[in-house]
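**Student:** Got my_file-v9.txt for you, compact mmCIF, C-alpha atoms:
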```
# COMPACT_ATOMS: atom_id res chain seq x y z
CA MET Y 28 27.31 154.10 43.36
CA SER Y 29 25.27 151.10 42.65
CA GLY Y 30 25.85 148.92 39.56
CA PRO Y 31 23.21 147.81 37.04
CA VAL Y 32 20.69 145.37 38.27
CA SER Y 33 20.79 142.15 36.26
CA SER Y 34 17.48 140.45 35.60
CA THR Y 35 17.20 136.75 35.11
CA THR Y 36 14.37 135.04 33.17
CA THR Y 37 13.06 131.80 34.49
CA THR Y 38 10.86 129.37 32.56
CA ALA Y 39 7.93 128.45 34.69
CA ALA Y 40 6.33 125.03 34.52
CA PRO Y 41 3.04 124.81 32.61
CA PRO Y 42 0.10 125.63 34.83
CA ASP Y 43 -2.43 123.04 35.89
CA SER Y 44 -4.98 124.37 33.43
CA GLN Y 45 -2.66 123.62 30.51
CA ARG Y 46 -1.99 120.11 31.82
CA SER Y 47 -5.70 119.41 32.20
CA ARG Y 48 -6.35 120.80 28.74
CA SER Y 49 -3.71 118.50 27.27
CA VAL Y 50 -5.22 115.56 29.10
CA ARG Y 51 -8.70 116.39 27.81
CA GLN Y 52 -7.40 116.74 24.25
CA GLY Y 53 -5.66 113.40 24.50
CA ALA Y 54 -8.79 111.73 25.83
CA ARG Y 55 -10.84 113.35 23.11
CA SER Y 56 -8.42 112.08 20.45
CA LEU Y 57 -8.64 108.57 21.90
CA ARG Y 58 -12.45 108.67 21.88
CA ARG Y 59 -12.45 109.99 18.32
CA GLY Y 60 -10.10 107.22 17.23
CA ALA Y 61 -12.23 104.57 18.95
CA ALA Y 62 -15.40 105.93 17.35
CA SER Y 63 -13.74 105.96 13.93
CA TRP Y 64 -12.54 102.39 14.39
CA SER Y 65 -15.99 101.24 15.52
CA ALA Y 66 -17.63 102.95 12.54
CA SER Y 67 -15.15 101.27 10.21
CA VAL Y 68 -15.94 97.86 11.68
CA VAL Y 69 -19.70 98.41 11.34
CA LEU Y 70 -19.33 99.58 7.73
CA ALA Y 71 -17.13 96.57 6.96
CA VAL Y 72 -19.78 94.20 8.34
CA ILE Y 73 -22.51 95.93 6.30
CA ALA Y 74 -20.35 95.79 3.17
CA LEU Y 75 -19.73 92.10 3.77
CA CYS Y 76 -23.49 91.47 3.92
CA PHE Y 77 -23.75 92.90 0.40
CA VAL Y 78 -20.53 91.45 -1.01
CA VAL Y 79 -21.31 87.83 -0.16
CA PRO Y 80 -24.62 87.63 -2.12
CA LEU Y 81 -23.12 89.58 -5.01
CA SER Y 82 -20.09 87.31 -5.09
CA TRP Y 83 -22.40 84.28 -5.24
CA LEU Y 84 -24.30 85.93 -8.10
CA VAL Y 85 -21.16 86.47 -10.14
CA LEU Y 86 -19.51 83.13 -9.37
CA ALA Y 87 -22.67 81.07 -9.88
CA SER Y 88 -23.35 82.67 -13.26
CA PHE Y 89 -20.06 81.25 -14.58
CA ASP Y 90 -20.49 77.85 -12.93
CA ALA Y 91 -22.36 75.17 -14.87
CA GLU Y 92 -22.76 73.13 -11.66
CA ALA Y 93 -23.72 76.03 -9.38
CA THR Y 94 -25.52 75.45 -6.10
CA TYR Y 95 -26.82 77.74 -3.37
CA GLU Y 96 -23.37 77.82 -1.76
CA THR Y 97 -20.81 80.50 -2.55
CA ALA Y 98 -17.78 78.75 -4.03
CA LEU Y 99 -15.31 79.17 -6.84
CA PRO Y 100 -16.38 77.22 -9.92
CA ALA Y 101 -14.26 74.25 -10.89
CA SER Y 102 -14.10 75.69 -14.41
CA PHE Y 103 -15.46 79.00 -15.64
CA SER Y 104 -18.10 78.52 -18.32
CA LEU Y 105 -20.56 80.63 -20.30
CA ALA Y 106 -23.06 77.79 -20.52
CA ASN Y 107 -25.56 79.54 -18.25
CA PHE Y 108 -25.58 82.69 -20.39
CA THR Y 109 -25.84 80.61 -23.57
CA ALA Y 110 -28.84 78.76 -22.16
CA ILE Y 111 -30.81 81.88 -21.23
CA LEU Y 112 -29.99 84.11 -24.21
CA THR Y 113 -33.15 83.21 -26.12
CA PRO Y 114 -36.11 85.41 -27.09
CA GLU Y 115 -38.58 83.54 -24.90
CA GLN Y 116 -36.29 83.32 -21.89
CA THR Y 117 -34.65 86.76 -21.76
CA PHE Y 118 -35.14 89.18 -24.64
CA VAL Y 119 -38.95 89.35 -24.69
CA PRO Y 120 -39.29 89.68 -20.88
CA LEU Y 121 -36.63 92.39 -20.81
CA TRP Y 122 -38.36 94.24 -23.64
CA ASN Y 123 -41.67 94.05 -21.77
CA SER Y 124 -39.94 95.42 -18.67
CA PHE Y 125 -38.58 98.31 -20.72
CA ILE Y 126 -42.07 99.09 -22.02
CA LEU Y 127 -43.65 98.99 -18.57
CA SER Y 128 -40.87 100.82 -16.72
CA GLY Y 129 -39.97 103.40 -19.36
CA GLY Y 130 -43.59 104.14 -20.25
CA SER Y 131 -44.72 104.50 -16.65
CA ALA Y 132 -41.69 106.67 -15.79
CA ALA Y 133 -42.28 109.01 -18.74
CA LEU Y 134 -46.00 109.34 -18.03
CA THR Y 135 -45.35 109.92 -14.34
CA VAL Y 136 -42.77 112.66 -14.95
CA ILE Y 137 -45.07 114.54 -17.35
CA ALA Y 138 -48.07 114.28 -15.02
CA ALA Y 139 -45.98 115.20 -11.98
CA VAL Y 140 -44.66 118.36 -13.66
CA LEU Y 141 -48.18 119.48 -14.59
CA ALA Y 142 -49.49 118.73 -11.09
CA ALA Y 143 -46.55 120.25 -9.22
CA TYR Y 144 -46.52 123.54 -11.16
CA PRO Y 145 -49.67 125.10 -9.63
CA LEU Y 146 -48.74 123.72 -6.20
CA SER Y 147 -45.34 125.38 -6.41
CA ARG Y 148 -46.28 128.69 -8.02
CA PHE Y 149 -49.76 129.51 -6.69
CA ASN Y 150 -50.73 129.74 -3.03
CA THR Y 151 -54.38 128.80 -2.53
CA ARG Y 152 -56.34 127.31 0.31
CA PHE Y 153 -56.56 124.02 -1.58
CA ASN Y 154 -52.79 123.41 -1.73
CA ARG Y 155 -52.39 121.92 1.71
CA PRO Y 156 -55.47 119.61 1.55
CA PHE Y 157 -54.40 118.45 -1.89
CA LEU Y 158 -50.86 117.71 -0.70
CA TYR Y 159 -52.22 115.80 2.30
CA THR Y 160 -54.43 113.80 -0.03
CA VAL Y 161 -51.44 113.01 -2.20
CA LEU Y 162 -49.47 112.02 0.90
CA PHE Y 163 -52.30 109.68 1.91
CA GLY Y 164 -52.07 108.12 -1.55
CA THR Y 165 -48.43 107.18 -0.91
CA CYS Y 166 -49.44 105.30 2.24
CA LEU Y 167 -51.84 102.90 0.52
CA PRO Y 168 -50.23 99.46 0.05
CA ILE Y 169 -50.52 98.09 -3.45
CA THR Y 170 -51.99 94.83 -2.13
CA ALA Y 171 -54.93 96.72 -0.61
CA ILE Y 172 -56.11 98.13 -3.94
CA MET Y 173 -55.39 95.24 -6.27
CA VAL Y 174 -58.77 93.56 -5.75
CA PRO Y 175 -60.84 96.55 -6.94
CA VAL Y 176 -58.25 97.28 -9.64
CA TYR Y 177 -58.48 93.71 -10.90
CA SER Y 178 -62.29 93.96 -10.93
CA LEU Y 179 -62.03 97.23 -12.89
CA PHE Y 180 -59.66 95.68 -15.41
CA VAL Y 181 -62.03 92.75 -15.89
CA GLN Y 182 -65.02 95.04 -16.50
CA LEU Y 183 -63.09 97.21 -18.96
CA ASN Y 184 -61.54 94.19 -20.69
CA LEU Y 185 -58.01 95.47 -19.96
CA LEU Y 186 -56.47 92.31 -18.56
CA ASP Y 187 -53.22 91.20 -20.19
CA SER Y 188 -52.69 94.67 -21.69
CA LEU Y 189 -49.23 96.22 -21.48
CA ALA Y 190 -50.61 99.71 -22.10
CA ALA Y 191 -53.23 99.50 -19.33
CA THR Y 192 -50.69 98.06 -16.89
CA THR Y 193 -48.26 100.87 -17.79
CA PHE Y 194 -50.88 103.50 -16.97
CA PHE Y 195 -51.68 101.80 -13.68
CA LEU Y 196 -48.00 101.65 -12.67
CA ALA Y 197 -47.69 105.34 -13.52
CA ALA Y 198 -50.72 106.13 -11.36
CA THR Y 199 -49.29 104.24 -8.38
CA SER Y 200 -46.00 106.17 -8.60
CA LEU Y 201 -47.59 109.58 -9.18
CA PRO Y 202 -48.17 110.68 -5.53
CA MET Y 203 -44.53 110.42 -4.49
CA ALA Y 204 -43.42 111.85 -7.83
CA ILE Y 205 -45.59 114.95 -7.27
CA TRP Y 206 -43.98 115.57 -3.88
CA MET Y 207 -40.47 115.16 -5.29
CA THR Y 208 -41.16 117.30 -8.36
CA LYS Y 209 -42.68 120.11 -6.29
CA ASN Y 210 -39.59 120.25 -4.08
CA PHE Y 211 -37.33 120.48 -7.13
CA MET Y 212 -39.56 123.08 -8.76
CA ASP Y 213 -39.46 125.27 -5.66
CA SER Y 214 -35.71 125.68 -6.26
CA VAL Y 215 -36.29 127.43 -9.60
CA PRO Y 216 -36.65 131.22 -9.08
CA VAL Y 217 -40.01 132.66 -10.06
CA SER Y 218 -38.22 135.75 -11.39
CA LEU Y 219 -37.10 133.78 -14.43
CA GLU Y 220 -40.71 133.02 -15.36
CA GLU Y 221 -41.69 136.63 -14.75
CA ALA Y 222 -39.01 137.72 -17.22
CA ALA Y 223 -40.44 135.28 -19.77
CA TRP Y 224 -43.96 136.59 -19.13
CA VAL Y 225 -42.75 140.14 -19.78
CA ASP Y 226 -41.41 138.94 -23.13
CA GLY Y 227 -44.85 137.60 -24.02
CA ALA Y 228 -44.52 133.91 -23.08
CA SER Y 229 -47.54 132.11 -21.70
CA ALA Y 230 -47.50 130.19 -18.42
CA MET Y 231 -47.21 126.81 -20.14
CA LYS Y 232 -44.51 128.05 -22.49
CA ALA Y 233 -42.53 129.41 -19.55
CA LEU Y 234 -42.98 126.09 -17.77
CA TRP Y 235 -41.64 123.93 -20.61
CA HIS Y 236 -38.94 126.32 -21.86
CA ILE Y 237 -37.74 127.91 -18.60
CA VAL Y 238 -38.64 125.81 -15.57
CA VAL Y 239 -38.31 122.27 -16.93
CA PRO Y 240 -34.80 122.74 -18.46
CA LEU Y 241 -33.53 124.17 -15.17
CA MET Y 242 -34.87 121.26 -13.12
CA ARG Y 243 -33.62 118.48 -15.40
CA PRO Y 244 -31.45 116.92 -12.64
CA GLY Y 245 -34.51 116.68 -10.42
CA LEU Y 246 -36.61 115.19 -13.20
CA GLY Y 247 -33.83 112.68 -13.79
CA VAL Y 248 -34.06 111.65 -10.15
CA VAL Y 249 -37.83 111.25 -10.40
CA PHE Y 250 -37.49 109.25 -13.63
CA ILE Y 251 -34.96 106.86 -12.08
CA PHE Y 252 -37.10 106.50 -8.95
CA VAL Y 253 -40.21 105.54 -10.92
CA PHE Y 254 -38.28 103.38 -13.40
CA ILE Y 255 -36.64 101.31 -10.67
CA GLN Y 256 -39.95 100.87 -8.85
CA ALA Y 257 -41.65 99.62 -11.99
CA TRP Y 258 -38.65 97.53 -13.05
CA GLY Y 259 -38.66 95.54 -9.81
CA ASN Y 260 -42.45 95.38 -9.43
CA PHE Y 261 -43.58 91.76 -9.37
CA PHE Y 262 -47.06 91.82 -7.87
CA VAL Y 263 -48.85 94.12 -10.34
CA PRO Y 264 -47.68 92.41 -13.57
CA PHE Y 265 -48.24 89.01 -11.98
CA ILE Y 266 -51.90 89.87 -11.36
CA LEU Y 267 -52.71 91.87 -14.51
CA LEU Y 268 -50.53 90.13 -17.14
CA PHE Y 269 -51.03 86.39 -17.45
CA SER Y 270 -49.80 85.50 -20.95
CA GLN Y 271 -46.17 84.52 -21.27
CA GLU Y 272 -45.45 86.91 -24.15
CA ASN Y 273 -46.52 89.93 -22.05
CA GLN Y 274 -44.84 89.09 -18.77
CA PRO Y 275 -41.86 91.25 -17.73
CA ALA Y 276 -38.56 89.97 -16.43
CA ALA Y 277 -39.62 90.43 -12.79
CA VAL Y 278 -42.27 87.73 -13.32
CA SER Y 279 -40.48 85.49 -15.81
CA ILE Y 280 -37.58 85.03 -13.38
CA PHE Y 281 -39.71 82.44 -11.57
CA ARG Y 282 -39.34 80.11 -14.53
CA PHE Y 283 -35.99 79.09 -13.07
CA PHE Y 284 -37.74 77.67 -10.00
CA GLY Y 285 -38.97 74.21 -10.89
CA GLN Y 286 -41.23 71.80 -9.07
CA PHE Y 287 -40.34 70.03 -5.81
CA GLY Y 288 -37.79 72.69 -4.86
CA THR Y 289 -35.48 72.33 -7.86
CA VAL Y 290 -33.75 75.55 -8.89
CA ALA Y 291 -31.48 76.24 -11.85
CA TYR Y 292 -29.02 78.26 -9.79
CA GLY Y 293 -26.55 78.99 -12.55
CA GLN Y 294 -29.14 80.19 -15.04
CA LEU Y 295 -30.92 82.14 -12.29
CA ALA Y 296 -27.68 83.97 -11.45
CA ALA Y 297 -26.94 84.72 -15.11
CA PHE Y 298 -30.45 86.03 -15.69
CA SER Y 299 -30.25 88.17 -12.53
CA ILE Y 300 -27.08 89.85 -13.80
CA LEU Y 301 -28.69 90.65 -17.15
CA TYR Y 302 -31.82 91.82 -15.31
CA ALA Y 303 -29.82 94.26 -13.15
CA LEU Y 304 -27.62 95.70 -15.90
CA PRO Y 305 -30.22 98.04 -17.53
CA VAL Y 306 -30.95 99.80 -14.24
CA ILE Y 307 -27.23 100.27 -13.52
CA VAL Y 308 -26.57 101.58 -17.03
CA LEU Y 309 -29.57 103.94 -16.81
CA TYR Y 310 -28.36 105.32 -13.49
CA ILE Y 311 -24.86 105.95 -14.88
CA LEU Y 312 -26.18 107.64 -18.02
CA VAL Y 313 -28.65 109.87 -16.20
CA SER Y 314 -26.09 110.83 -13.55
CA ARG Y 315 -23.63 111.84 -16.27
CA VAL Y 316 -26.12 113.73 -18.42
CA PHE Y 317 -28.13 115.40 -15.68
CA GLY Y 318 -25.53 115.30 -12.93
CA GLY Y 319 -24.61 118.32 -10.88
CA SER Y 320 -26.68 120.95 -9.22
CA PHE Y 321 -29.10 123.34 -10.84
CA ALA Y 322 -27.28 125.48 -13.38
CA MET Y 323 -28.50 129.01 -12.79
CA SER Y 324 -25.51 130.69 -14.44
CA GLY Y 325 -26.51 133.19 -17.06
CA ALA Y 326 -29.98 133.78 -15.62
CA LEU Y 327 -30.79 137.48 -15.50
CA LYS Y 328 -33.69 139.14 -13.80
CA GLY Y 329 -35.35 141.53 -16.19
```
Show the structure stored in the file as structure tokens.
**Tutor:**
Amino acid sequence: MSGPVSSTTTTAAPPDSQRSRSVRQGARSLRRGAASWSASVVLAVIALCFVVPLSWLVLASFDAEATYETALPASFSLANFTAILTPEQTFVPLWNSFILSGGSAALTVIAAVLAAYPLSRFNTRFNRPFLYTVLFGTCLPITAIMVPVYSLFVQLNLLDSLAATTFFLAATSLPMAIWMTKNFMDSVPVSLEEAAWVDGASAMKALWHIVVPLMRPGLGVVFIFVFIQAWGNFFVPFILLFSQENQPAAVSIFRFFGQFGTVAYGQLAAFSILYALPVIVLYILVSRVFGGSFAMSGALKG
């Protein structure tokens, strides 16, 4: 009579495949860590390239004896801001910049919506040639067309006119604005307009009451894009606006550069901060009001 056979369990060593897999995972983790460290170093260098000029801008604006070197002021002072806060030096140029930038941005957004609507909603054989023509318009450098534009302004007696310059800035920004607006408009479902048409709305009424409210974030992006372009544009106002009371801040900033290389560094830094604040505030306001993706909640297909 044989007794029960006892079985013993033995723990085998991990196979070679598991060891090689562990080695590969370890090597992959090391490479990932090295890549992350390298990316962090590159980003730190890029951030430093931006921080150093900005730190000079802030420190020099509070230094009455500021130079081109980045250094802590011996005593913080508001003398530079006091010197530039005058109507001729700051307020009038900033107001002219608001007129040029805000007016051109508003005109561009309205024209871009009207031009992008048929390109987005109707498929014709003229869509592609028209879009290519618009794309060609974005490739033209502003310096290449300023000579004929200046001649046209002279013949029409439009030199030194804020309104005429605003229309020209809007025209130069329109090609890119049409492309951007069309892409945003393509995201709005056509079924919503069809429901409005069934209820008796016309095409234009459906555009302004259905499509435009749903693409407000996109229009905010286009507005900011055009506004910033016009706000920092120096060449066009410099050529078309020659009187001091009509010059924007982008042109009047050169008043701080004197003859024989003399520069009022402190006042230049203070003016640059005031010059940059409106764009930053506009971006924050628009991002808060129109922020987020397209809100399609509540839209029903009839």
**Student:** Choose the residue, out of Y:Ala276, Y:Ala191, Y:Ala138, Y:Ala223, that has the smallest atom-to-atom separation from Y:Phe118; count only C-alpha atoms.
**Tutor:** Y:Ala276
**Student:** Between Y:Ile205, Y:Val181, Y:Ala62, Y:Ile172, which is the closest to Y:Val249 once you count only C-alpha atoms?
**Tutor:**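 For Y:Val249, the nearest of the given residues is Y:Ile205.
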**Student:** Please report the interatomic distance between atom CA of Y:Ala296 and atom CA of Y:Leu84 in Å with one decimal.
**Tutor:**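 Distance reported for this atom pair: 5.1 Å.
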**Student:** Quick check, in Å to one decimal: how far apart do atom CA of Y:Arg148 and atom CA of Y:Glu220 lie?
**Tutor:**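 Separating atom CA of Y:Arg148 from atom CA of Y:Glu220 is a distance of 10.2 Å.
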**Student:** Can you pull out every residue within 12 Å of Y:Phe265, counting all atoms listed in the file, but drop anything in the same chain fewer than 5 positions away, and send it as a ChimeraX atom specification?
**Tutor:** /Y:173,177,186-187,189,192,259-260,270-271,273-281
**Student:** For Y:Val85, which residue among Y:Phe283, Y:Tyr310, Y:Tyr292, Y:Phe149 is the nearest when counting all atoms listed in the file?
**Tutor:**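 Under the stated criterion, the closest residue is Y:Tyr292.
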**Student:** Given all atoms listed in the file, how would the per-residue table for stretch 222-300 of chain Y near stretch 305-309 of chain Y read, listing every residue at most 12 Å away with its closest atom pair and distance in Å to one decimal, sorted by chain and number, as JSON lines?
**Tutor:**
```
{"residue": "Y:Gly247", "atom": "CA", "partner": "Y:Leu309", "partner_atom": "CA", "distance": 10.2}
{"residue": "Y:Val248", "atom": "CA", "partner": "Y:Leu309", "partner_atom": "CA", "distance": 11.1}
{"residue": "Y:Phe250", "atom": "CA", "partner": "Y:Leu309", "partner_atom": "CA", "distance": 10.1}
{"residue": "Y:Ile251", "atom": "CA", "partner": "Y:Leu309", "partner_atom": "CA", "distance": 7.7}
{"residue": "Y:Phe252", "atom": "CA", "partner": "Y:Val306", "partner_atom": "CA", "distance": 10.5}
{"residue": "Y:Val253", "atom": "CA", "partner": "Y:Val306", "partner_atom": "CA", "distance": 11.4}
{"residue": "Y:Phe254", "atom": "CA", "partner": "Y:Val306", "partner_atom": "CA", "distance": 8.2}
{"residue": "Y:Ile255", "atom": "CA", "partner": "Y:Val306", "partner_atom": "CA", "distance": 6.9}
{"residue": "Y:Gln256", "atom": "CA", "partner": "Y:Val306", "partner_atom": "CA", "distance": 10.5}
{"residue": "Y:Ala257", "atom": "CA", "partner": "Y:Val306", "partner_atom": "CA", "distance": 10.9}
{"residue": "Y:Trp258", "atom": "CA", "partner": "Y:Val306", "partner_atom": "CA", "distance": 8.1}
{"residue": "Y:Gly259", "atom": "CA", "partner": "Y:Val306", "partner_atom": "CA", "distance": 9.9}
{"residue": "Y:Ala276", "atom": "CA", "partner": "Y:Pro305", "partner_atom": "CA", "distance": 11.7}
{"residue": "Y:Ser299", "atom": "CA", "partner": "Y:Pro305", "partner_atom": "CA", "distance": 11.1}
{"residue": "Y:Ile300", "atom": "CA", "partner": "Y:Pro305", "partner_atom": "CA", "distance": 9.5}
```
